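Pasted below: model_17.pdb, PDB, C-alpha atoms and all ligand atoms.
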```
ATOM      1  CA  MET I   1     124.037 103.310 129.617
ATOM      2  CA  ASP I   2     120.985 101.776 127.982
ATOM      3  CA  ALA I   3     120.350  98.111 128.649
ATOM      4  CA  PRO I   4     121.201  95.944 125.631
ATOM      5  CA  ARG I   5     118.159  95.362 123.441
ATOM      6  CA  ARG I   6     116.926  91.789 123.644
ATOM      7  CA  ARG I   7     115.564  90.097 120.582
ATOM      8  CA  VAL I   8     112.351  88.258 121.313
ATOM      9  CA  GLN I   9     112.406  84.838 119.797
ATOM     10  CA  ARG I  10     109.759  82.235 119.251
ATOM     11  CA  THR I  11     109.983  78.792 117.811
ATOM     12  CA  PHE I  12     109.337  78.392 114.120
ATOM     13  CA  GLY I  13     107.470  75.132 113.986
ATOM     14  CA  TYR I  14     107.012  72.688 116.817
ATOM     15  CA  THR I  15     110.680  72.392 117.714
ATOM     16  CA  LYS I  16     112.807  74.369 120.135
ATOM     17  CA  ASN I  17     116.068  74.417 118.178
ATOM     18  CA  ILE I  18     115.921  78.196 117.935
ATOM     19  CA  LYS I  19     118.627  80.057 116.065
ATOM     20  CA  MET I  20     118.988  83.810 115.610
ATOM     21  CA  THR I  21     117.751  83.413 112.080
ATOM     22  CA  ASP I  22     114.401  82.141 113.430
ATOM     23  CA  SER I  23     113.573  85.452 115.131
ATOM     24  CA  ILE I  24     110.110  86.810 114.434
ATOM     25  CA  GLU I  25     111.652  90.277 114.122
ATOM     26  CA  MET I  26     112.916  89.226 110.734
ATOM     27  CA  ASN I  27     111.646  91.029 107.707
ATOM     28  CA  PHE I  28     111.956  88.606 104.852
ATOM     29  CA  VAL I  29     112.637  89.626 101.290
ATOM     30  CA  LEU I  30     111.596  86.848  98.928
ATOM     31  CA  MET I  31     113.331  86.558  95.573
ATOM     32  CA  GLY I  32     110.910  84.836  93.221
ATOM     33  CA  ALA I  33     107.206  85.671  93.103
ATOM     34  CA  GLY I  34     105.958  82.464  91.482
ATOM     35  CA  GLY I  35     104.041  79.552  92.986
ATOM     36  CA  HIS I  36     106.906  78.452  95.221
ATOM     37  CA  GLY I  37     107.301  82.032  96.482
ATOM     38  CA  ALA I  38     103.623  82.109  97.466
ATOM     39  CA  VAL I  39     103.939  78.849  99.414
ATOM     40  CA  VAL I  40     107.018  80.110 101.270
ATOM     41  CA  ALA I  41     105.260  83.430 102.017
ATOM     42  CA  GLU I  42     102.378  81.569 103.665
ATOM     43  CA  ALA I  43     104.802  79.478 105.728
ATOM     44  CA  ILE I  44     106.488  82.689 106.952
ATOM     45  CA  GLU I  45     103.119  84.225 107.844
ATOM     46  CA  LEU I  46     101.994  81.122 109.730
ATOM     47  CA  ALA I  47     105.279  81.051 111.647
ATOM     48  CA  GLY I  48     104.736  84.663 112.749
ATOM     49  CA  GLY I  49     107.368  86.242 110.495
ATOM     50  CA  GLN I  50     107.103  89.446 108.492
ATOM     51  CA  ILE I  51     107.483  89.934 104.745
ATOM     52  CA  THR I  52     108.870  93.189 103.366
ATOM     53  CA  THR I  53     108.599  92.523  99.649
ATOM     54  CA  PHE I  54     109.118  90.135  96.781
ATOM     55  CA  ILE I  55     111.759  90.741  94.147
ATOM     56  CA  ASP I  56     111.210  89.224  90.723
ATOM     57  CA  HIS I  57     112.884  90.417  87.520
ATOM     58  CA  TYR I  58     110.404  88.638  85.257
ATOM     59  CA  ASN I  59     107.006  88.622  87.003
ATOM     60  CA  SER I  60     104.803  91.363  85.535
ATOM     61  CA  GLN I  61     102.167  91.198  88.323
ATOM     62  CA  GLU I  62     101.923  94.051  90.839
ATOM     63  CA  GLN I  63     101.609  91.791  93.864
ATOM     64  CA  CYS I  64     102.096  88.255  95.168
ATOM     65  CA  CYS I  65     100.006  87.203  98.197
ATOM     66  CA  GLY I  66      99.216  90.889  98.771
ATOM     67  CA  TYR I  67     102.883  91.939  98.946
ATOM     68  CA  GLY I  68     104.493  94.219  96.392
ATOM     69  CA  ILE I  69     106.930  92.925  93.765
ATOM     70  CA  LEU I  70     110.089  94.912  93.065
ATOM     71  CA  ARG I  71     111.830  94.330  89.737
ATOM     72  CA  ASP I  72     115.298  95.318  90.951
ATOM     73  CA  GLU I  73     117.054  94.287  94.166
ATOM     74  CA  ASN I  74     119.245  97.408  94.035
ATOM     75  CA  SER I  75     116.244  99.470  95.156
ATOM     76  CA  ILE I  76     116.448  98.081  98.728
ATOM     77  CA  ALA I  77     119.248  97.685 101.263
ATOM     78  CA  LEU I  78     119.956  93.982 100.929
ATOM     79  CA  SER I  79     122.431  93.970 103.789
ATOM     80  CA  ASP I  80     119.644  94.990 106.216
ATOM     81  CA  SER I  81     117.147  92.341 105.180
ATOM     82  CA  THR I  82     116.708  88.653 105.757
ATOM     83  CA  TYR I  83     116.622  87.120 102.373
ATOM     84  CA  ILE I  84     115.321  83.897 100.903
ATOM     85  CA  ILE I  85     115.513  82.760  97.289
ATOM     86  CA  THR I  86     112.098  81.363  96.415
ATOM     87  CA  ILE I  87     112.918  79.764  93.083
ATOM     88  CA  GLY I  88     112.199  76.054  92.757
ATOM     89  CA  ASP I  89     114.870  75.252  90.172
ATOM     90  CA  ASN I  90     118.091  74.320  91.964
ATOM     91  CA  ALA I  91     120.623  75.688  89.468
ATOM     92  CA  THR I  92     118.749  78.986  89.104
ATOM     93  CA  ARG I  93     118.491  79.300  92.879
ATOM     94  CA  LYS I  94     122.245  78.795  93.208
ATOM     95  CA  ALA I  95     122.958  81.350  90.498
ATOM     96  CA  ARG I  96     120.857  83.969  92.347
ATOM     97  CA  VAL I  97     122.865  83.828  95.599
ATOM     98  CA  MET I  98     124.445  87.239  96.172
ATOM     99  CA  GLU I  99     127.555  88.189  98.150
ATOM    100  CA  LYS I 100     126.038  91.448  99.379
ATOM    101  CA  VAL I 101     123.187  89.702 101.195
ATOM    102  CA  ARG I 102     124.285  89.334 104.824
ATOM    103  CA  THR I 103     121.533  87.031 106.085
ATOM    104  CA  TYR I 104     119.736  84.206 104.389
ATOM    105  CA  GLY I 105     116.895  83.123 106.667
ATOM    106  CA  ILE I 106     115.519  79.674 107.403
ATOM    107  CA  VAL I 107     111.789  79.116 107.005
ATOM    108  CA  LYS I 108     110.136  76.311 108.949
ATOM    109  CA  HIS I 109     106.404  75.831 108.446
ATOM    110  CA  PRO I 110     104.662  75.430 111.840
ATOM    111  CA  GLY I 111     103.306  72.096 110.615
ATOM    112  CA  ALA I 112     106.749  70.546 110.152
ATOM    113  CA  SER I 113     108.264  68.199 112.725
ATOM    114  CA  ILE I 114     111.999  68.876 112.968
ATOM    115  CA  SER I 115     114.369  67.065 115.316
ATOM    116  CA  LYS I 116     116.286  69.303 117.692
ATOM    117  CA  ARG I 117     119.318  67.176 116.774
ATOM    118  CA  SER I 118     119.077  68.097 113.113
ATOM    119  CA  SER I 119     120.671  71.107 111.419
ATOM    120  CA  ILE I 120     119.423  73.344 108.619
ATOM    121  CA  GLY I 121     121.526  75.802 106.594
ATOM    122  CA  GLY I 122     120.632  79.422 105.802
ATOM    123  CA  GLY I 123     118.283  80.021 102.903
ATOM    124  CA  SER I 124     116.523  76.663 103.288
ATOM    125  CA  VAL I 125     112.774  76.156 103.561
ATOM    126  CA  VAL I 126     110.915  73.322 105.287
ATOM    127  CA  MET I 127     107.285  73.025 104.217
ATOM    128  CA  ALA I 128     104.097  71.754 105.855
ATOM    129  CA  GLY I 129     103.949  68.113 106.931
ATOM    130  CA  VAL I 130     107.697  67.493 106.625
ATOM    131  CA  CYS I 131     109.384  65.198 109.145
ATOM    132  CA  ILE I 132     113.133  65.625 109.703
ATOM    133  CA  ASN I 133     114.557  63.076 112.127
ATOM    134  CA  ALA I 134     117.541  62.941 114.487
ATOM    135  CA  ASN I 135     120.998  63.917 113.241
ATOM    136  CA  ALA I 136     119.857  64.813 109.744
ATOM    137  CA  GLN I 137     121.893  67.628 108.176
ATOM    138  CA  ILE I 138     120.291  69.929 105.631
ATOM    139  CA  GLY I 139     122.552  72.312 103.677
ATOM    140  CA  LYS I 140     122.014  75.877 102.492
ATOM    141  CA  HIS I 141     119.287  77.002 100.074
ATOM    142  CA  CYS I 142     117.494  73.641 100.101
ATOM    143  CA  ILE I 143     113.775  73.046  99.608
ATOM    144  CA  ILE I 144     112.335  70.283 101.761
ATOM    145  CA  ASN I 145     108.916  70.251 100.215
ATOM    146  CA  THR I 146     105.446  69.359 101.484
ATOM    147  CA  SER I 147     105.050  66.072 103.387
ATOM    148  CA  SER I 148     108.495  64.724 102.558
ATOM    149  CA  THR I 149     110.445  62.754 105.163
ATOM    150  CA  ILE I 150     114.159  62.984 105.874
ATOM    151  CA  ASP I 151     115.126  60.176 108.231
ATOM    152  CA  HIS I 152     117.937  59.936 110.754
ATOM    153  CA  ASP I 153     121.528  60.679 109.717
ATOM    154  CA  CYS I 154     120.675  61.845 106.203
ATOM    155  CA  ILE I 155     123.097  64.383 104.728
ATOM    156  CA  ILE I 156     121.593  66.804 102.221
ATOM    157  CA  GLU I 157     124.048  69.188 100.583
ATOM    158  CA  ASN I 158     123.371  72.737  99.360
ATOM    159  CA  TYR I 159     120.737  73.607  96.686
ATOM    160  CA  VAL I 160     118.894  70.277  96.911
ATOM    161  CA  HIS I 161     115.126  70.114  96.321
ATOM    162  CA  VAL I 162     113.221  67.204  97.844
ATOM    163  CA  ALA I 163     109.817  67.306  96.128
ATOM    164  CA  PRO I 164     106.495  66.665  97.902
ATOM    165  CA  SER I 165     105.831  63.235  99.465
ATOM    166  CA  SER I 166     109.337  61.898  98.843
ATOM    167  CA  ALA I 167     110.902  59.714 101.522
ATOM    168  CA  LEU I 168     114.598  59.411 102.333
ATOM    169  CA  ALA I 169     115.420  56.468 104.616
ATOM    170  CA  GLY I 170     118.132  56.618 107.270
ATOM    171  CA  GLY I 171     121.683  57.556 106.272
ATOM    172  CA  VAL I 172     120.860  58.652 102.715
ATOM    173  CA  SER I 173     123.125  61.350 101.266
ATOM    174  CA  ILE I 174     122.173  63.750  98.479
ATOM    175  CA  GLY I 175     124.840  65.727  96.609
ATOM    176  CA  GLU I 176     124.687  69.418  95.790
ATOM    177  CA  GLY I 177     121.936  70.586  93.479
ATOM    178  CA  SER I 178     120.128  67.278  93.109
ATOM    179  CA  PHE I 179     116.376  67.088  92.635
ATOM    180  CA  ILE I 180     114.371  64.270  94.220
ATOM    181  CA  GLY I 181     111.101  63.981  92.265
ATOM    182  CA  LEU I 182     107.583  63.833  93.585
ATOM    183  CA  GLY I 183     106.929  60.746  95.712
ATOM    184  CA  ALA I 184     110.346  59.144  95.182
ATOM    185  CA  PHE I 185     111.664  56.663  97.751
ATOM    186  CA  ILE I 186     115.380  56.331  98.498
ATOM    187  CA  ILE I 187     116.306  53.289 100.569
ATOM    188  CA  GLN I 188     118.677  53.431 103.532
ATOM    189  CA  GLY I 189     122.305  54.376 103.031
ATOM    190  CA  VAL I 190     122.041  55.201  99.321
ATOM    191  CA  LYS I 191     124.307  57.988  98.019
ATOM    192  CA  ILE I 192     122.898  60.259  95.325
ATOM    193  CA  GLY I 193     125.599  62.324  93.565
ATOM    194  CA  LYS I 194     125.504  66.022  92.734
ATOM    195  CA  TRP I 195     123.132  67.582  90.167
ATOM    196  CA  CYS I 196     121.126  64.370  89.725
ATOM    197  CA  ILE I 197     117.408  64.117  88.986
ATOM    198  CA  ILE I 198     115.394  61.289  90.501
ATOM    199  CA  GLY I 199     112.157  60.777  88.540
ATOM    200  CA  ALA I 200     108.749  61.098  90.153
ATOM    201  CA  GLY I 201     107.616  57.910  91.888
ATOM    202  CA  SER I 202     110.992  56.208  91.601
ATOM    203  CA  VAL I 203     112.401  53.720  94.088
ATOM    204  CA  VAL I 204     116.179  54.124  94.321
ATOM    205  CA  LEU I 205     117.989  50.997  95.532
ATOM    206  CA  LYS I 206     121.580  51.771  94.461
ATOM    207  CA  ASP I 207     123.987  54.721  94.557
ATOM    208  CA  VAL I 208     123.521  57.242  91.728
ATOM    209  CA  PRO I 209     126.599  58.889  90.098
ATOM    210  CA  ASP I 210     126.903  62.682  89.703
ATOM    211  CA  PHE I 211     124.817  64.340  86.916
ATOM    212  CA  SER I 212     122.576  61.285  86.375
ATOM    213  CA  ILE I 213     118.861  61.284  85.622
ATOM    214  CA  VAL I 214     117.321  58.046  86.887
ATOM    215  CA  ALA I 215     113.690  56.935  87.102
ATOM    216  CA  GLY I 216     111.433  53.946  87.627
ATOM    217  CA  VAL I 217     110.914  51.097  90.079
ATOM    218  CA  PRO I 218     113.654  50.198  90.632
ATOM    219  CA  ALA I 219     115.271  53.390  89.331
ATOM    220  CA  LYS I 220     117.354  52.997  86.164
ATOM    221  CA  PHE I 221     119.650  55.435  84.364
ATOM    222  CA  ILE I 222     117.890  57.522  81.670
ATOM    223  CA  ARG I 223     120.481  60.091  80.607
ATOM    224  CA  ILE I 224     123.093  62.622  81.762
ATOM    225  CA  ASN I 225     121.781  65.874  83.241
ATOM    226  CA  GLU I 226     123.601  68.199  80.833
ATOM    227  CA  ARG I 227     121.643  71.299  81.720
ATOM    228  CA  SER I 228     122.859  71.261  85.298
ATOM    229  CA  ASN I 229     126.488  71.002  84.157
ATOM    230  CA  GLU I 230     126.102  74.320  82.343
ATOM    231  CA  GLU I 231     124.197  75.934  85.171
ATOM    232  CA  GLU I 232     126.737  74.793  87.716
ATOM    233  CA  ASP I 233     129.567  76.401  85.741
ATOM    234  CA  LEU I 234     127.596  79.634  85.864
ATOM    235  CA  ALA I 235     127.060  79.253  89.595
ATOM    236  CA  ILE I 236     130.710  78.460  90.324
ATOM    237  CA  ALA I 237     131.570  81.840  88.811
ATOM    238  CA  THR I 238     129.583  83.518  91.645
ATOM    239  CA  PRO I 239     130.401  81.459  94.747
ATOM    240  CA  HIS I 240     128.867  82.306  98.111
ATOM    241  CA  GLU I 241     129.502  80.916 101.580
TER     242      GLU I 241
HETATM  243  C1  LIG B   1     112.637  61.731  85.242
HETATM  244  C2  LIG B   1     112.244  62.925  84.386
HETATM  245  C3  LIG B   1     113.065  64.147  84.801
HETATM  246  C4  LIG B   1     112.555  62.531  82.944
HETATM  247  O1  LIG B   1     112.180  63.549  82.096
HETATM  248  P1  LIG B   1     112.727  63.492  80.541
HETATM  249  O2  LIG B   1     114.210  63.534  80.539
HETATM  250  O3  LIG B   1     111.980  64.561  79.827
HETATM  251  O4  LIG B   1     112.363  62.046  80.084
HETATM  252  P2  LIG B   1     111.236  61.535  79.073
HETATM  253  O5  LIG B   1     109.903  62.074  79.459
HETATM  254  O6  LIG B   1     111.749  61.787  77.679
HETATM  255  O7  LIG B   1     111.251  59.977  79.365
HETATM  256  C5  LIG B   1     112.354  59.155  79.046
HETATM  257  C6  LIG B   1     111.987  57.732  79.429
HETATM  258  O8  LIG B   1     111.941  57.630  80.865
HETATM  259  C7  LIG B   1     110.619  57.227  81.282
HETATM  260  N1  LIG B   1     110.284  57.998  82.483
HETATM  261  C8  LIG B   1     110.296  59.350  82.601
HETATM  262  N2  LIG B   1     109.962  59.709  83.853
HETATM  263  C9  LIG B   1     109.743  58.581  84.519
HETATM  264  C10 LIG B   1     109.368  58.301  85.864
HETATM  265  N3  LIG B   1     109.170  59.289  86.739
HETATM  266  N4  LIG B   1     109.250  57.008  86.228
HETATM  267  C11 LIG B   1     109.444  56.006  85.343
HETATM  268  N5  LIG B   1     109.816  56.195  84.058
HETATM  269  C12 LIG B   1     109.963  57.481  83.656
HETATM  270  C13 LIG B   1     109.703  57.551  80.118
HETATM  271  O9  LIG B   1     108.562  56.729  80.100
HETATM  272  C14 LIG B   1     110.614  57.301  78.941
HETATM  273  O10 LIG B   1     110.689  55.904  78.711
HETATM  274  P3  LIG B   1     110.808  55.304  77.198
HETATM  275  O11 LIG B   1     112.116  55.821  76.661
HETATM  276  O12 LIG B   1     110.777  53.822  77.430
HETATM  277  O13 LIG B   1     109.636  55.832  76.454
HETATM  278  C15 LIG B   1     110.745  63.311  84.569
HETATM  279  O14 LIG B   1     109.907  62.392  83.888
HETATM  280  C16 LIG B   1     110.327  63.359  86.031
HETATM  281  O15 LIG B   1     109.919  62.375  86.648
HETATM  282  N6  LIG B   1     110.429  64.575  86.618
HETATM  283  C17 LIG B   1     110.096  64.832  88.009
HETATM  284  C18 LIG B   1     108.893  65.783  88.095
HETATM  285  C19 LIG B   1     108.554  66.114  89.518
HETATM  286  O16 LIG B   1     108.756  65.333  90.436
HETATM  287  N7  LIG B   1     108.049  67.296  89.739
HETATM  288  C20 LIG B   1     107.753  67.788  91.079
HETATM  289  C21 LIG B   1     107.802  69.302  91.113
HETATM  290  S1  LIG B   1     107.750  69.890  92.774
END
```
Represent the structure from my file as structure tokens, please.
Ligand SMILES: CC(C)(COP(=O)(O)OP(=O)(O)OC[C@H]1O[C@@H](n2cnc3c(N)ncnc32)[C@H](O)[C@@H]1OP(=O)(O)O)[C@@H](O)C(=O)NCCC(=O)NCCS
Amino acid sequence: MDAPRRRVQRTFGYTKNIKMTDSIEMNFVLMGAGGHGAVVAEAIELAGGQITTFIDHYNSQEQCCGYGILRDENSIALSDSTYIITIGDNATRKARVMEKVRTYGIVKHPGASISKRSSIGGGSVVMAGVCINANAQIGKHCIINTSSTIDHDCIIENYVHVAPSSALAGGVSIGEGSFIGLGAFIIQGVKIGKWCIIGAGSVVLKDVPDFSIVAGVPAKFIRINERSNEEEDLAIATPHE
């Protein structure tokens, strides 16, 4: 009998919390060939991963970062690929999650510092210069963008986007689908609800209810995030675990 085939694994990033989804044998399919897709592609390359193709229904270019762009996901065997949805908008990213995809990969840029006591869900990306500290929990299909910091014991639910240079102090929680704007600061222990938007450069001192848009220093309520309500209804119709 043949010896079982061993998968060679290397660390993605500087940490050693290796999971099967971090294997360099992975061939990533990236859904979304825009600017965010290009940044994720470079993170995969730097981490030693492979890219099979992009899929983008709307991008009319032939290539992104030198890789081909397919218009239709039905033309490849999704169940055999490691998939990542490279769309920056949280509600759109949630709506694109597909049941028939078996594996959503995790991308960790080699220049991110990620605690071995943290956890990251499938489909999430961690960009260059990010620091994720002890016991932080990151959900599925999240974007932890360039040079943001997620301190100890933070809980980030699925489909969250933490924009570049934002800082979450210890014990902050962020509800599903919320967007933390560029350079926002959230002080320790604050709870941000689901499908909220925190304006760029804001300082959040108090809990933020679901579907709120807040901004400023200190952050104040601006309006309800109606768009995300609609998008979430769409996404609930196609749930994925
Ligand atoms: C918060 C935000 C979503 C509000 O957008 P909007 O709903 O279109 O709001 P408006 O531009 O109509 O502004 C409404 C009011 O809030 C104020 N405001 C908007 N954004 C603000 C911010 N970031 N900080 C402080 N005040 C802000 C406006 O000055 C305006 O005040 P006024 O009524 O006194 O004139 C948006 O301004 C923002 O900050 N987006 C984040 C962008 C980002 O981080 N991108 C990163 C991509 S990776």
Using all atoms listed in the file, tabulate the residues of chain I lying at most 8 Å from any atom of ligand LIG 1 (chain B), each with its closest atom pair and that distance in Å to one decimal, by chain and increasing residue number, as a Markdown table.
```
| residue | atom | partner | partner_atom | distance |
| --- | --- | --- | --- | --- |
| I:Gly88 | CA | B:LIG1 | S1 | 7.6 |
| I:Asn145 | CA | B:LIG1 | S1 | 7.5 |
| I:Val162 | CA | B:LIG1 | S1 | 7.9 |
| I:Ala163 | CA | B:LIG1 | S1 | 4.7 |
| I:Pro164 | CA | B:LIG1 | S1 | 6.2 |
| I:Ile180 | CA | B:LIG1 | O16 | 6.9 |
| I:Gly181 | CA | B:LIG1 | O16 | 3.3 |
| I:Leu182 | CA | B:LIG1 | O16 | 3.7 |
| I:Gly183 | CA | B:LIG1 | O16 | 7.2 |
| I:Ala184 | CA | B:LIG1 | O16 | 8.0 |
| I:Ile197 | CA | B:LIG1 | C3 | 6.0 |
| I:Ile198 | CA | B:LIG1 | C1 | 6.0 |
| I:Gly199 | CA | B:LIG1 | O15 | 3.3 |
| I:Ala200 | CA | B:LIG1 | N3 | 3.9 |
| I:Gly201 | CA | B:LIG1 | N3 | 5.6 |
| I:Ser202 | CA | B:LIG1 | N4 | 5.7 |
| I:Ile213 | CA | B:LIG1 | C1 | 6.3 |
| I:Val214 | CA | B:LIG1 | C1 | 6.2 |
| I:Ala215 | CA | B:LIG1 | N4 | 4.5 |
| I:Gly216 | CA | B:LIG1 | C11 | 3.7 |
| I:Val217 | CA | B:LIG1 | C11 | 7.0 |
| I:Ala219 | CA | B:LIG1 | C11 | 7.5 |
| I:Ile222 | CA | B:LIG1 | O8 | 6.0 |
| I:Arg223 | CA | B:LIG1 | O2 | 7.2 |
```
What does the distance between CA of Thr146 (chain I) and CA of Gly68 (chain I) come to in Å, to one decimal place?
-> 25.4 Å
Students should find that CA of Ala169 (chain I) and CA of Ile150 (chain I) are spaced 6.8 Å
Run the PyMOL selection byres (((chain I and resi 187-194) around 8) and not hetatm) on the file and write out the hits as a ChimeraX atom specification.
-> /I:168-178,185-186,195-196,203-212
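Between CA of Met127 (chain I) and CA of Lys108 (chain I) the interatomic distance comes to 6.4 Å.
Proximity ranking of I:Met31, I:Ala43, I:Ala91, I:Ala167 relative to Glu73 (chain I) places I:Met31 first, based on only C-alpha atoms.
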Which neighbours of region 51-53 of chain I fall inside 10 Å, counting only C-alpha atoms, when residues of the same chain fewer than 3 positions from it are skipped, and could you give them as a ChimeraX atom specification?
-> /I:26-31,33,41-42,44-45,48,56,63-64,66-70,76,81-83
Convert the output of the PyMOL selection byres (((chain I and resi 119-126) around 10) and not hetatm) on the shown file into explicit residues, formatted as a VMD selection string.
-> chain I and resid 13 17 21 40 43 to 44 82 to 86 97 103 to 118 127 to 132 134 to 148 155 to 162 241
First collect every listed atom of region 142-157 of chain I; then fit an axis-aligned box around them, widen it by 4 Å on each side, and give centre and edge lengths in Å to one decimal, as AutoDock Vina command-line options.
```
--center_x 114.5 --center_y 66.8 --center_z 105.2 --size_x 27.0 --size_y 21.7 --size_z 19.1
```
From the set I:Ser75, I:Gln61, I:Thr149, I:Asn225, which residue has the shortest atom-to-atom contact distance to Phe179 (chain I), counting only C-alpha atoms?
-> I:Asn225
If you count only C-alpha atoms, the residue of I:Cys65, I:Val101, I:Cys154, I:Ile87 closest to His36 (chain I) turns out to be I:Ile87
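Distances from I:His152, I:Asp72, I:Gly32, I:Ala77 to Arg93 (chain I) were compared using all atoms listed in the file, and the smallest one belongs to I:Gly32.
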Using the atoms already present, construct N, CA and C atoms for region 29-52 of chain I and hand them back as a short mmCIF file (atom, residue, chain, number, x, y, z; two decimals), in the frame of the given file.
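Below you can see rebuild10.cif, which holds the result:
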```cif
data_model
loop_
_atom_site.label_atom_id
_atom_site.label_comp_id
_atom_site.auth_asym_id
_atom_site.auth_seq_id
_atom_site.Cartn_x
_atom_site.Cartn_y
_atom_site.Cartn_z
N VAL I 29 112.76 89.25 102.70
CA VAL I 29 112.64 89.63 101.29
C VAL I 29 112.69 88.33 100.50
N LEU I 30 111.68 88.10 99.68
CA LEU I 30 111.60 86.85 98.93
C LEU I 30 111.96 87.10 97.48
N MET I 31 112.94 86.39 96.97
CA MET I 31 113.33 86.56 95.57
C MET I 31 112.69 85.44 94.75
N GLY I 32 111.67 85.82 94.00
CA GLY I 32 110.91 84.84 93.22
C GLY I 32 109.46 84.90 93.63
N ALA I 33 108.61 85.46 92.77
CA ALA I 33 107.21 85.67 93.10
C ALA I 33 106.31 84.71 92.34
N GLY I 34 106.76 83.50 92.13
CA GLY I 34 105.96 82.46 91.48
C GLY I 34 105.23 81.62 92.52
N GLY I 35 104.81 80.44 92.10
CA GLY I 35 104.04 79.55 92.99
C GLY I 35 104.82 79.16 94.23
N HIS I 36 106.10 78.84 94.07
CA HIS I 36 106.91 78.45 95.22
C HIS I 36 107.05 79.63 96.19
N GLY I 37 107.21 80.84 95.64
CA GLY I 37 107.30 82.03 96.48
C GLY I 37 106.05 82.21 97.33
N ALA I 38 104.88 81.96 96.73
CA ALA I 38 103.62 82.11 97.47
C ALA I 38 103.54 81.11 98.61
N VAL I 39 103.99 79.88 98.36
CA VAL I 39 103.94 78.85 99.41
C VAL I 39 104.88 79.22 100.57
N VAL I 40 106.07 79.71 100.23
CA VAL I 40 107.02 80.11 101.27
C VAL I 40 106.46 81.31 102.05
N ALA I 41 105.84 82.26 101.33
CA ALA I 41 105.26 83.43 102.02
C ALA I 41 104.23 82.99 103.05
N GLU I 42 103.39 82.03 102.71
CA GLU I 42 102.38 81.57 103.66
C GLU I 42 103.02 80.87 104.85
N ALA I 43 104.10 80.14 104.61
CA ALA I 43 104.80 79.48 105.73
C ALA I 43 105.38 80.53 106.68
N ILE I 44 105.93 81.61 106.12
CA ILE I 44 106.49 82.69 106.95
C ILE I 44 105.37 83.33 107.78
N GLU I 45 104.24 83.62 107.12
CA GLU I 45 103.12 84.22 107.84
C GLU I 45 102.65 83.33 108.99
N LEU I 46 102.49 82.04 108.70
CA LEU I 46 101.99 81.12 109.73
C LEU I 46 102.97 80.98 110.89
N ALA I 47 104.26 81.15 110.60
CA ALA I 47 105.28 81.05 111.65
C ALA I 47 105.44 82.36 112.41
N GLY I 48 104.69 83.39 112.03
CA GLY I 48 104.74 84.66 112.75
C GLY I 48 105.77 85.64 112.22
N GLY I 49 106.36 85.34 111.07
CA GLY I 49 107.37 86.24 110.50
C GLY I 49 106.73 87.36 109.67
N GLN I 50 107.56 88.30 109.28
CA GLN I 50 107.10 89.45 108.49
C GLN I 50 107.71 89.35 107.09
N ILE I 51 106.98 89.89 106.12
CA ILE I 51 107.48 89.93 104.74
C ILE I 51 107.55 91.39 104.31
N THR I 52 108.72 91.81 103.85
CA THR I 52 108.87 93.19 103.37
C THR I 52 108.40 93.30 101.93
#
```
